[in-house]
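Asks: One file is attached below, work.txt, containing compact mmCIF, C-alpha atoms and all ligand atoms.
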```
# COMPACT_ATOMS: atom_id res chain seq x y z
CA MET A 1 13.57 8.53 -0.47
CA LYS A 2 13.87 4.89 -1.42
CA VAL A 3 10.73 2.95 -2.35
CA GLU A 4 10.83 -0.76 -3.14
CA ILE A 5 7.94 -2.74 -4.60
CA LEU A 6 8.16 -6.03 -2.74
CA GLY A 7 7.72 -9.27 -4.64
CA SER A 8 5.46 -12.16 -3.76
CA ALA A 9 6.12 -14.76 -6.43
CA SER A 10 8.94 -17.22 -6.83
CA PRO A 11 10.29 -17.16 -9.41
CA ASP A 12 9.24 -13.57 -10.00
CA ASP A 13 7.27 -13.27 -13.24
CA GLY A 14 6.41 -9.60 -12.85
CA GLY A 15 3.04 -10.25 -11.23
CA GLN A 16 2.12 -8.31 -8.10
CA PHE A 17 0.05 -10.99 -6.37
CA LEU A 18 0.25 -9.39 -2.94
CA ILE A 19 0.82 -5.75 -2.07
CA SER A 20 3.65 -4.25 -0.01
CA TYR A 21 6.00 -1.32 -0.49
CA LEU A 22 9.04 -0.56 1.60
CA CYS A 23 10.17 3.04 2.19
CA ASN A 24 13.79 3.60 3.27
CA ASP A 25 13.95 -0.08 4.36
CA GLN A 26 12.13 0.70 7.62
CA VAL A 27 8.59 1.79 6.88
CA ALA A 28 6.23 -0.59 5.10
CA ILE A 29 3.09 0.38 3.27
CA ASP A 30 0.80 -2.66 3.49
CA ALA A 31 1.73 -6.16 4.52
CA GLY A 32 0.43 -8.36 1.71
CA CYS A 33 3.87 -9.90 1.17
CA LEU A 34 6.04 -8.19 3.80
CA GLY A 35 6.24 -11.50 5.70
CA LEU A 36 7.80 -13.16 2.62
CA LEU A 37 10.70 -10.72 2.34
CA THR A 38 14.12 -12.36 2.51
CA PRO A 39 16.58 -12.43 4.08
CA VAL A 40 14.51 -12.17 7.27
CA SER A 41 16.96 -9.54 8.55
CA ARG A 42 15.18 -7.20 6.12
CA GLN A 43 11.89 -7.83 7.96
CA LEU A 44 13.64 -7.17 11.26
CA ALA A 45 14.61 -3.71 9.98
CA VAL A 46 10.94 -2.70 9.60
CA ASN A 47 9.68 -0.59 12.51
CA HIS A 48 6.37 0.65 11.12
CA VAL A 49 3.65 -0.84 8.95
CA PHE A 50 0.91 1.38 7.54
CA LEU A 51 -2.15 -0.55 6.38
CA SER A 52 -4.29 1.02 3.66
CA HIS A 53 -7.24 -1.29 4.33
CA SER A 54 -8.15 -4.75 5.54
CA HIS A 55 -8.18 -6.75 2.29
CA ILE A 56 -6.00 -9.82 2.37
CA ASP A 57 -3.76 -8.83 -0.55
CA HIS A 58 -2.68 -5.92 1.71
CA THR A 59 -2.68 -7.67 5.11
CA GLY A 60 -2.27 -11.40 4.38
CA SER A 61 1.33 -11.82 5.47
CA LEU A 62 1.03 -9.64 8.58
CA PRO A 63 0.75 -12.69 10.91
CA ILE A 64 3.76 -14.33 9.23
CA PHE A 65 5.75 -11.10 9.42
CA LEU A 66 5.04 -10.73 13.16
CA ASP A 67 5.90 -14.37 13.73
CA ASN A 68 9.19 -13.89 11.89
CA ILE A 69 10.31 -10.81 13.80
CA PHE A 70 9.06 -11.51 17.33
CA ALA A 71 11.63 -11.56 20.10
CA PRO A 72 10.76 -11.43 23.80
CA GLY A 73 10.99 -7.92 25.15
CA PRO A 74 9.10 -4.64 25.28
CA ASP A 75 10.10 -3.42 21.80
CA CYS A 76 7.82 -4.23 18.91
CA VAL A 77 6.70 -3.09 15.50
CA GLN A 78 4.01 -0.42 15.22
CA ILE A 79 1.03 -1.20 13.00
CA HIS A 80 -0.89 1.86 11.85
CA GLY A 81 -4.37 1.76 10.35
CA ILE A 82 -7.69 3.53 10.43
CA PRO A 83 -10.05 2.11 13.09
CA ASP A 84 -11.99 -0.07 10.60
CA THR A 85 -8.76 -1.69 9.44
CA LEU A 86 -7.53 -2.30 12.99
CA ASP A 87 -10.92 -3.79 13.92
CA SER A 88 -10.49 -6.26 11.08
CA VAL A 89 -6.89 -7.04 12.11
CA ARG A 90 -8.12 -7.78 15.64
CA GLY A 91 -11.31 -9.63 14.74
CA ASP A 92 -10.49 -11.35 11.46
CA LEU A 93 -6.74 -12.07 11.56
CA PHE A 94 -5.78 -12.39 15.22
CA ASN A 95 -8.80 -14.24 16.56
CA ASP A 96 -7.10 -17.54 17.56
CA ARG A 97 -8.91 -19.29 14.68
CA LEU A 98 -7.04 -17.89 11.72
CA TRP A 99 -3.94 -17.12 13.79
CA PRO A 100 -3.08 -16.87 17.50
CA ASP A 101 -4.36 -13.67 19.02
CA PHE A 102 -1.12 -11.67 19.02
CA VAL A 103 -2.99 -8.68 20.41
CA ARG A 104 -4.07 -10.58 23.55
CA LEU A 105 -0.68 -12.30 23.82
CA SER A 106 1.12 -8.94 23.78
CA GLN A 107 2.09 -8.05 27.34
CA PRO A 108 3.99 -4.87 28.25
CA THR A 109 7.17 -6.90 28.72
CA ASN A 110 6.68 -9.15 25.66
CA ARG A 111 4.99 -7.46 22.78
CA PHE A 112 4.23 -8.80 19.32
CA LEU A 113 2.76 -5.58 17.97
CA GLU A 114 1.31 -2.24 18.84
CA LEU A 115 -1.84 -1.16 16.99
CA LEU A 116 -2.01 2.59 16.48
CA PRO A 117 -5.16 4.14 15.04
CA LEU A 118 -4.75 6.57 12.16
CA GLU A 119 -6.94 9.58 11.76
CA VAL A 120 -7.68 10.66 8.21
CA GLU A 121 -5.54 13.66 7.19
CA ARG A 122 -3.61 13.69 10.44
CA PRO A 123 0.11 13.09 9.71
CA VAL A 124 2.20 10.52 11.60
CA VAL A 125 5.99 10.72 11.84
CA ALA A 126 7.75 7.37 11.50
CA ASP A 127 11.51 6.88 11.17
CA GLY A 128 12.09 10.25 9.56
CA LEU A 129 9.10 9.99 7.21
CA THR A 130 5.84 11.87 7.53
CA VAL A 131 2.88 9.73 6.51
CA LEU A 132 -0.46 11.35 5.76
CA PRO A 133 -3.50 9.06 5.38
CA VAL A 134 -6.12 10.30 2.92
CA GLU A 135 -9.53 8.76 2.40
CA LEU A 136 -10.09 6.80 -0.82
CA ARG A 137 -13.23 5.11 -2.22
CA HIS A 138 -13.14 1.33 -1.92
CA VAL A 139 -15.54 -1.41 -0.79
CA VAL A 140 -14.23 -1.09 2.77
CA PRO A 141 -12.90 2.08 4.40
CA THR A 142 -9.50 2.66 2.79
CA VAL A 143 -6.80 5.29 2.86
CA GLY A 144 -4.07 6.27 0.45
CA PHE A 145 -0.80 7.56 1.85
CA ILE A 146 1.23 10.67 1.11
CA VAL A 147 4.76 9.95 2.37
CA SER A 148 7.33 12.72 2.72
CA ASP A 149 10.91 13.24 3.84
CA ALA A 150 12.91 16.46 3.68
CA ASN A 151 13.45 16.21 -0.07
CA ALA A 152 10.69 14.19 -1.65
CA THR A 153 7.06 13.25 -1.40
CA VAL A 154 5.60 10.06 -2.84
CA ALA A 155 1.94 8.99 -2.85
CA PHE A 156 0.37 5.53 -2.76
CA VAL A 157 -3.14 5.61 -4.22
CA SER A 158 -4.66 2.13 -4.03
CA ASP A 159 -7.27 0.58 -3.79
CA THR A 160 -9.89 2.98 -5.05
CA LEU A 161 -12.54 4.16 -7.43
CA PRO A 162 -12.08 7.62 -8.89
CA SER A 163 -11.82 10.10 -6.01
CA ASP A 164 -11.07 13.80 -5.56
CA ARG A 165 -9.58 14.63 -2.19
CA ILE A 166 -6.19 12.98 -2.64
CA TRP A 167 -5.64 14.83 -5.93
CA GLU A 168 -6.62 18.11 -4.34
CA LEU A 169 -3.96 17.54 -1.68
CA LEU A 170 -1.33 16.29 -4.13
CA ARG A 171 -1.75 19.31 -6.39
CA ALA A 172 -0.46 21.42 -3.50
CA VAL A 173 2.54 19.26 -2.47
CA LYS A 174 5.79 21.08 -3.23
CA ASN A 175 8.20 18.15 -3.60
CA LEU A 176 5.89 15.61 -5.18
CA LYS A 177 8.13 13.17 -7.06
CA ALA A 178 5.95 10.16 -7.78
CA VAL A 179 2.54 8.61 -7.47
CA PHE A 180 2.03 4.86 -7.23
CA LEU A 181 -1.46 4.55 -8.70
CA GLU A 182 -3.53 1.43 -9.07
CA ALA A 183 -4.77 0.10 -12.42
CA SER A 184 -6.42 -3.18 -11.52
CA PHE A 185 -8.65 -4.28 -14.40
CA PRO A 186 -8.56 -3.79 -18.18
CA ASN A 187 -11.02 -1.37 -19.78
CA SER A 188 -13.24 -4.21 -21.00
CA MET A 189 -13.82 -5.21 -17.36
CA ASP A 190 -14.94 -1.79 -16.20
CA TRP A 191 -18.09 -3.41 -14.77
CA LEU A 192 -15.95 -5.46 -12.40
CA ALA A 193 -13.66 -2.52 -11.60
CA GLU A 194 -16.76 -0.53 -10.70
CA ALA A 195 -18.27 -3.34 -8.60
CA SER A 196 -15.02 -4.05 -6.73
CA ALA A 197 -14.09 -0.35 -6.47
CA HIS A 198 -10.93 -0.27 -8.58
CA LEU A 199 -9.53 1.66 -11.54
CA THR A 200 -9.07 0.68 -15.19
CA PRO A 201 -6.51 2.35 -17.48
CA ARG A 202 -9.31 4.68 -18.63
CA THR A 203 -10.17 5.86 -15.11
CA PHE A 204 -6.43 5.81 -14.21
CA ALA A 205 -5.93 8.42 -16.96
CA SER A 206 -8.89 10.52 -15.82
CA GLU A 207 -7.50 10.51 -12.26
CA LEU A 208 -4.17 11.83 -13.54
CA LYS A 209 -5.97 14.70 -15.28
CA LYS A 210 -7.10 15.78 -11.82
CA LEU A 211 -3.49 15.78 -10.64
CA ASN A 212 -2.55 18.02 -13.56
CA ARG A 213 1.19 17.89 -12.78
CA GLU A 214 4.26 16.41 -14.40
CA VAL A 215 5.45 13.73 -12.00
CA ASP A 216 6.43 10.12 -12.37
CA VAL A 217 3.41 7.85 -12.15
CA ILE A 218 3.95 4.17 -11.49
CA ALA A 219 1.05 1.87 -12.28
CA VAL A 220 0.61 -0.80 -9.62
CA HIS A 221 -1.90 -3.40 -8.41
CA LEU A 222 -2.31 -4.81 -11.95
CA LYS A 223 -4.31 -8.01 -11.62
CA PRO A 224 -1.74 -10.62 -12.71
CA ARG A 225 -4.22 -12.47 -14.95
CA TYR A 226 -4.69 -9.31 -17.08
CA ARG A 227 -1.18 -7.91 -16.81
CA GLN A 228 -0.35 -8.00 -20.54
CA THR A 229 -3.64 -6.37 -21.54
CA LEU A 230 -3.20 -3.75 -18.83
CA ILE A 231 0.34 -2.94 -19.97
CA GLN A 232 -0.93 -2.53 -23.53
CA GLU A 233 -3.81 -0.27 -22.48
CA LEU A 234 -1.55 1.80 -20.22
CA THR A 235 0.99 2.16 -23.06
CA GLU A 236 -1.77 3.29 -25.43
CA LEU A 237 -2.51 6.19 -23.09
CA LYS A 238 0.80 7.67 -24.34
CA LEU A 239 1.43 9.47 -21.07
CA PRO A 240 5.19 10.19 -21.01
CA ARG A 241 5.78 9.94 -17.26
CA VAL A 242 3.72 6.78 -16.72
CA SER A 243 5.48 3.44 -16.26
CA VAL A 244 4.41 0.05 -14.99
CA GLY A 245 5.72 -0.86 -11.55
CA GLU A 246 8.56 -3.35 -11.57
CA ILE A 247 8.41 -5.91 -8.79
CA GLY A 248 11.59 -5.93 -6.73
CA ARG A 249 12.83 -2.62 -8.12
CA VAL A 250 14.09 0.04 -5.72
CA TYR A 251 12.98 3.49 -6.84
CA HIS A 252 14.97 6.54 -5.71
CA PHE A 253 13.23 9.88 -5.40
ZN ZN A 301 -8.92 -3.88 -1.66
ZN ZN A 302 -5.84 -4.75 -3.27
```
Step by step, read the file and then write its structure as structure tokens.
Ligand SMILES: [Zn+2]
Ligand SMILES: [Zn+2]
Replies:
Amino acid sequence: MKVEILGSASPDDGGQFLISYLCNDQVAIDAGCLGLLTPVSRQLAVNHVFLSHSHIDHTGSLPIFLDNIFAPGPDCVQIHGIPDTLDSVRGDLFNDRLWPDFVRLSQPTNRFLELLPLEVERPVVADGLTVLPVELRHVVPTVGFIVSDANATVAFVSDTLPSDRIWELLRAVKNLKAVFLEASFPNSMDWLAEASAHLTPRTFASELKKLNREVDVIAVHLKPRYRQTLIQELTELKLPRVSVGEIGRVYHF
């Protein structure tokens, strides 16, 4: 499986301002910066978008993405999210105020998007990948994703406070190759991490103890303002399989 961390800054300075990952070029996890991906032919290759939650760093470029790829006809991209996320997409993004209501404008013969509700822990098959949404603990209902093909499984665990269920499931996955795990705020800002329902390097490490397996762990969702401090604190954990996510890099699992 190929996983690319999409970039959102130009020139790229390593900061992950907006959140999107691309699996096998066709399945996107979150749409924070999917609509900024160039050349646009790469956006046209995306058939499925799985949204973890409604926050704008994960959904912000969804309207731009749909605008970029729309062509008249019945075929369209499928947007998957839990009902709370889809409610926000309908009511907050596509409400004619922030952006034209692409949901209302979608007719059977000319469709901008199809919204498909996800059920927690019910897998969805998309372009050869099986995507399992698992409940996380954030300020709005949020899911992490366990994504599998025939040879590898990769997990996206963001945005969240410490949680248990996803680790319970991941402990049992046979081909688990990597976990993309958030580390948003430095340890000194644990009060803000707690209030905004995120992890610090300290809670990042305690989450990995629950996993209790030797797999590659890629730290993501580092708040750009604190990136250097976060890298230092993550390095000080001295966990051999942990690395910091590189924007624009294509990971092969
Ligand atoms: Zn969030
Ligand atoms: Zn976020």
Asks: At a cut-off of 7 Å around ligand ZN 302 (chain A), and using all atoms listed in the file, what residues come up? Please write them as a list of chain:residue names.
Replies: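 What falls inside 7 Å of ligand ZN 302 (chain A) is A:Ile19, A:His55, A:Asp57, A:His58, A:Asp159, A:His221.
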Asks: With C-alpha atoms retained, export the selected residues as a short mmCIF file (atom, residue, chain, number, x, y, z; two decimals), in the frame of the given file.
Replies:
```
data_model
loop_
_atom_site.label_atom_id
_atom_site.label_comp_id
_atom_site.auth_asym_id
_atom_site.auth_seq_id
_atom_site.Cartn_x
_atom_site.Cartn_y
_atom_site.Cartn_z
CA ILE A 19 0.82 -5.75 -2.07
CA HIS A 55 -8.18 -6.75 2.29
CA ASP A 57 -3.76 -8.83 -0.55
CA HIS A 58 -2.68 -5.92 1.71
CA ASP A 159 -7.27 0.58 -3.79
CA HIS A 221 -1.90 -3.40 -8.41
#
```
Asks: Find the nearest atom pair between each residue of chain A and ligand ZN 301 (chain A) for residues within 12 Å, count all atoms listed in the file, give distances in Å to one decimal, sort rows by chain and ascending number, and present the table as JSON lines.
Replies:
```
{"residue": "A:Leu18", "atom": "CA", "partner": "A:ZN301", "partner_atom": "ZN", "distance": 10.8}
{"residue": "A:Ile19", "atom": "CA", "partner": "A:ZN301", "partner_atom": "ZN", "distance": 9.9}
{"residue": "A:Asp30", "atom": "CA", "partner": "A:ZN301", "partner_atom": "ZN", "distance": 11.1}
{"residue": "A:Gly32", "atom": "CA", "partner": "A:ZN301", "partner_atom": "ZN", "distance": 10.9}
{"residue": "A:Leu51", "atom": "CA", "partner": "A:ZN301", "partner_atom": "ZN", "distance": 11.0}
{"residue": "A:Ser52", "atom": "CA", "partner": "A:ZN301", "partner_atom": "ZN", "distance": 8.6}
{"residue": "A:His53", "atom": "CA", "partner": "A:ZN301", "partner_atom": "ZN", "distance": 6.7}
{"residue": "A:Ser54", "atom": "CA", "partner": "A:ZN301", "partner_atom": "ZN", "distance": 7.3}
{"residue": "A:His55", "atom": "CA", "partner": "A:ZN301", "partner_atom": "ZN", "distance": 4.9}
{"residue": "A:Ile56", "atom": "CA", "partner": "A:ZN301", "partner_atom": "ZN", "distance": 7.7}
{"residue": "A:Asp57", "atom": "CA", "partner": "A:ZN301", "partner_atom": "ZN", "distance": 7.2}
{"residue": "A:His58", "atom": "CA", "partner": "A:ZN301", "partner_atom": "ZN", "distance": 7.4}
{"residue": "A:Thr59", "atom": "CA", "partner": "A:ZN301", "partner_atom": "ZN", "distance": 10.0}
{"residue": "A:Gly60", "atom": "CA", "partner": "A:ZN301", "partner_atom": "ZN", "distance": 11.7}
{"residue": "A:Thr85", "atom": "CA", "partner": "A:ZN301", "partner_atom": "ZN", "distance": 11.3}
{"residue": "A:Leu136", "atom": "CA", "partner": "A:ZN301", "partner_atom": "ZN", "distance": 10.8}
{"residue": "A:Arg137", "atom": "CA", "partner": "A:ZN301", "partner_atom": "ZN", "distance": 10.0}
{"residue": "A:His138", "atom": "CA", "partner": "A:ZN301", "partner_atom": "ZN", "distance": 6.7}
{"residue": "A:Val139", "atom": "CA", "partner": "A:ZN301", "partner_atom": "ZN", "distance": 7.1}
{"residue": "A:Val140", "atom": "CA", "partner": "A:ZN301", "partner_atom": "ZN", "distance": 7.5}
{"residue": "A:Pro141", "atom": "CA", "partner": "A:ZN301", "partner_atom": "ZN", "distance": 9.4}
{"residue": "A:Thr142", "atom": "CA", "partner": "A:ZN301", "partner_atom": "ZN", "distance": 7.9}
{"residue": "A:Val143", "atom": "CA", "partner": "A:ZN301", "partner_atom": "ZN", "distance": 10.4}
{"residue": "A:Gly144", "atom": "CA", "partner": "A:ZN301", "partner_atom": "ZN", "distance": 11.4}
{"residue": "A:Val157", "atom": "CA", "partner": "A:ZN301", "partner_atom": "ZN", "distance": 11.4}
{"residue": "A:Ser158", "atom": "CA", "partner": "A:ZN301", "partner_atom": "ZN", "distance": 7.7}
{"residue": "A:Asp159", "atom": "CA", "partner": "A:ZN301", "partner_atom": "ZN", "distance": 5.2}
{"residue": "A:Thr160", "atom": "CA", "partner": "A:ZN301", "partner_atom": "ZN", "distance": 7.7}
{"residue": "A:Leu161", "atom": "CA", "partner": "A:ZN301", "partner_atom": "ZN", "distance": 10.5}
{"residue": "A:Glu182", "atom": "CA", "partner": "A:ZN301", "partner_atom": "ZN", "distance": 10.6}
{"residue": "A:Ser184", "atom": "CA", "partner": "A:ZN301", "partner_atom": "ZN", "distance": 10.2}
{"residue": "A:Ala193", "atom": "CA", "partner": "A:ZN301", "partner_atom": "ZN", "distance": 11.1}
{"residue": "A:Ala195", "atom": "CA", "partner": "A:ZN301", "partner_atom": "ZN", "distance": 11.7}
{"residue": "A:Ser196", "atom": "CA", "partner": "A:ZN301", "partner_atom": "ZN", "distance": 7.9}
{"residue": "A:Ala197", "atom": "CA", "partner": "A:ZN301", "partner_atom": "ZN", "distance": 7.9}
{"residue": "A:His198", "atom": "CA", "partner": "A:ZN301", "partner_atom": "ZN", "distance": 8.1}
{"residue": "A:Leu199", "atom": "CA", "partner": "A:ZN301", "partner_atom": "ZN", "distance": 11.3}
{"residue": "A:His221", "atom": "CA", "partner": "A:ZN301", "partner_atom": "ZN", "distance": 9.8}
{"residue": "A:Lys223", "atom": "CA", "partner": "A:ZN301", "partner_atom": "ZN", "distance": 11.7}
```
Asks: CA of His80 (chain A) to CA of Val124 (chain A): how many Å, to one decimal?
Replies: 9.2 Å
Asks: So, counting only C-alpha atoms, which residue among A:Phe50, A:Phe185, A:Tyr226, A:Phe17 is closest to Gly81 (chain A)?
Replies: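 Result for the nearest residue to Gly81 (chain A): A:Phe50.
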Asks: Using CA of Ala150 (chain A) and CA of Lys174 (chain A) as the two end points, give the distance in Å to one decimal.
Replies: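 Interatomic distance here is 10.9 Å.
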Asks: Counting all atoms listed in the file, I want the residues whose atoms come within 7 Å of (-0.3, 5.7, -17.4) in the file frame, returned as a list in words.
Replies: Phe204, Ala205, Val217, Ala219, Leu234, Thr235, Leu237, Leu239, Val242 and Ser243 of chain A
Asks: Missing atoms in region 133-155 of chain A should be modelled up to N, CA and C atoms and reported as a PDB file, in the coordinates of the input.
Replies:
```
ATOM      1  N   PRO A 133      -2.446   9.907   5.958  1.00  0.00           N
ATOM      2  CA  PRO A 133      -3.500   9.060   5.380  1.00  0.00           C
ATOM      3  C   PRO A 133      -4.628   9.919   4.802  1.00  0.00           C
ATOM      4  N   VAL A 134      -5.061   9.543   3.608  1.00  0.00           N
ATOM      5  CA  VAL A 134      -6.120  10.300   2.920  1.00  0.00           C
ATOM      6  C   VAL A 134      -7.193   9.317   2.449  1.00  0.00           C
ATOM      7  N   GLU A 135      -8.424   9.663   2.710  1.00  0.00           N
ATOM      8  CA  GLU A 135      -9.530   8.760   2.400  1.00  0.00           C
ATOM      9  C   GLU A 135      -9.659   8.475   0.897  1.00  0.00           C
ATOM     10  N   LEU A 136      -9.828   7.201   0.563  1.00  0.00           N
ATOM     11  CA  LEU A 136     -10.090   6.800  -0.820  1.00  0.00           C
ATOM     12  C   LEU A 136     -11.503   6.218  -0.887  1.00  0.00           C
ATOM     13  N   ARG A 137     -11.871   5.653  -2.051  1.00  0.00           N
ATOM     14  CA  ARG A 137     -13.230   5.110  -2.220  1.00  0.00           C
ATOM     15  C   ARG A 137     -13.136   3.640  -2.626  1.00  0.00           C
ATOM     16  N   HIS A 138     -13.256   2.757  -1.644  1.00  0.00           N
ATOM     17  CA  HIS A 138     -13.140   1.330  -1.920  1.00  0.00           C
ATOM     18  C   HIS A 138     -14.318   0.621  -1.267  1.00  0.00           C
ATOM     19  N   VAL A 139     -14.377  -0.701  -1.361  1.00  0.00           N
ATOM     20  CA  VAL A 139     -15.540  -1.410  -0.790  1.00  0.00           C
ATOM     21  C   VAL A 139     -15.505  -1.499   0.733  1.00  0.00           C
ATOM     22  N   VAL A 140     -14.332  -1.279   1.310  1.00  0.00           N
ATOM     23  CA  VAL A 140     -14.230  -1.090   2.770  1.00  0.00           C
ATOM     24  C   VAL A 140     -13.517   0.244   2.974  1.00  0.00           C
ATOM     25  N   PRO A 141     -13.630   0.839   4.171  1.00  0.00           N
ATOM     26  CA  PRO A 141     -12.900   2.080   4.400  1.00  0.00           C
ATOM     27  C   PRO A 141     -11.410   1.901   4.109  1.00  0.00           C
ATOM     28  N   THR A 142     -10.864   2.788   3.316  1.00  0.00           N
ATOM     29  CA  THR A 142      -9.500   2.660   2.790  1.00  0.00           C
ATOM     30  C   THR A 142      -8.846   4.030   2.744  1.00  0.00           C
ATOM     31  N   VAL A 143      -7.542   4.046   3.016  1.00  0.00           N
ATOM     32  CA  VAL A 143      -6.800   5.290   2.860  1.00  0.00           C
ATOM     33  C   VAL A 143      -5.628   5.105   1.902  1.00  0.00           C
ATOM     34  N   GLY A 144      -5.330   6.175   1.170  1.00  0.00           N
ATOM     35  CA  GLY A 144      -4.070   6.270   0.450  1.00  0.00           C
ATOM     36  C   GLY A 144      -3.082   6.952   1.380  1.00  0.00           C
ATOM     37  N   PHE A 145      -1.805   6.941   1.000  1.00  0.00           N
ATOM     38  CA  PHE A 145      -0.800   7.560   1.850  1.00  0.00           C
ATOM     39  C   PHE A 145       0.057   8.535   1.056  1.00  0.00           C
ATOM     40  N   ILE A 146       0.286   9.706   1.654  1.00  0.00           N
ATOM     41  CA  ILE A 146       1.230  10.670   1.110  1.00  0.00           C
ATOM     42  C   ILE A 146       2.429  10.659   2.049  1.00  0.00           C
ATOM     43  N   VAL A 147       3.574  10.193   1.532  1.00  0.00           N
ATOM     44  CA  VAL A 147       4.760   9.950   2.370  1.00  0.00           C
ATOM     45  C   VAL A 147       5.844  10.957   1.999  1.00  0.00           C
ATOM     46  N   SER A 148       6.359  11.647   2.996  1.00  0.00           N
ATOM     47  CA  SER A 148       7.330  12.720   2.720  1.00  0.00           C
ATOM     48  C   SER A 148       8.571  12.588   3.591  1.00  0.00           C
ATOM     49  N   ASP A 149       9.737  12.927   3.015  1.00  0.00           N
ATOM     50  CA  ASP A 149      10.910  13.240   3.840  1.00  0.00           C
ATOM     51  C   ASP A 149      11.318  14.667   3.488  1.00  0.00           C
ATOM     52  N   ALA A 150      12.513  15.057   3.878  1.00  0.00           N
ATOM     53  CA  ALA A 150      12.910  16.460   3.680  1.00  0.00           C
ATOM     54  C   ALA A 150      12.960  16.853   2.209  1.00  0.00           C
ATOM     55  N   ASN A 151      13.216  15.873   1.333  1.00  0.00           N
ATOM     56  CA  ASN A 151      13.450  16.210  -0.070  1.00  0.00           C
ATOM     57  C   ASN A 151      12.387  15.758  -1.052  1.00  0.00           C
ATOM     58  N   ALA A 152      11.608  14.783  -0.670  1.00  0.00           N
ATOM     59  CA  ALA A 152      10.690  14.190  -1.650  1.00  0.00           C
ATOM     60  C   ALA A 152       9.385  13.774  -1.005  1.00  0.00           C
ATOM     61  N   THR A 153       8.349  13.795  -1.829  1.00  0.00           N
ATOM     62  CA  THR A 153       7.060  13.250  -1.400  1.00  0.00           C
ATOM     63  C   THR A 153       6.601  12.249  -2.457  1.00  0.00           C
ATOM     64  N   VAL A 154       6.079  11.138  -1.977  1.00  0.00           N
ATOM     65  CA  VAL A 154       5.600  10.060  -2.840  1.00  0.00           C
ATOM     66  C   VAL A 154       4.213   9.681  -2.340  1.00  0.00           C
ATOM     67  N   ALA A 155       3.296   9.367  -3.262  1.00  0.00           N
ATOM     68  CA  ALA A 155       1.940   8.990  -2.850  1.00  0.00           C
ATOM     69  C   ALA A 155       1.619   7.564  -3.287  1.00  0.00           C
TER      70      ALA A 155
END
```
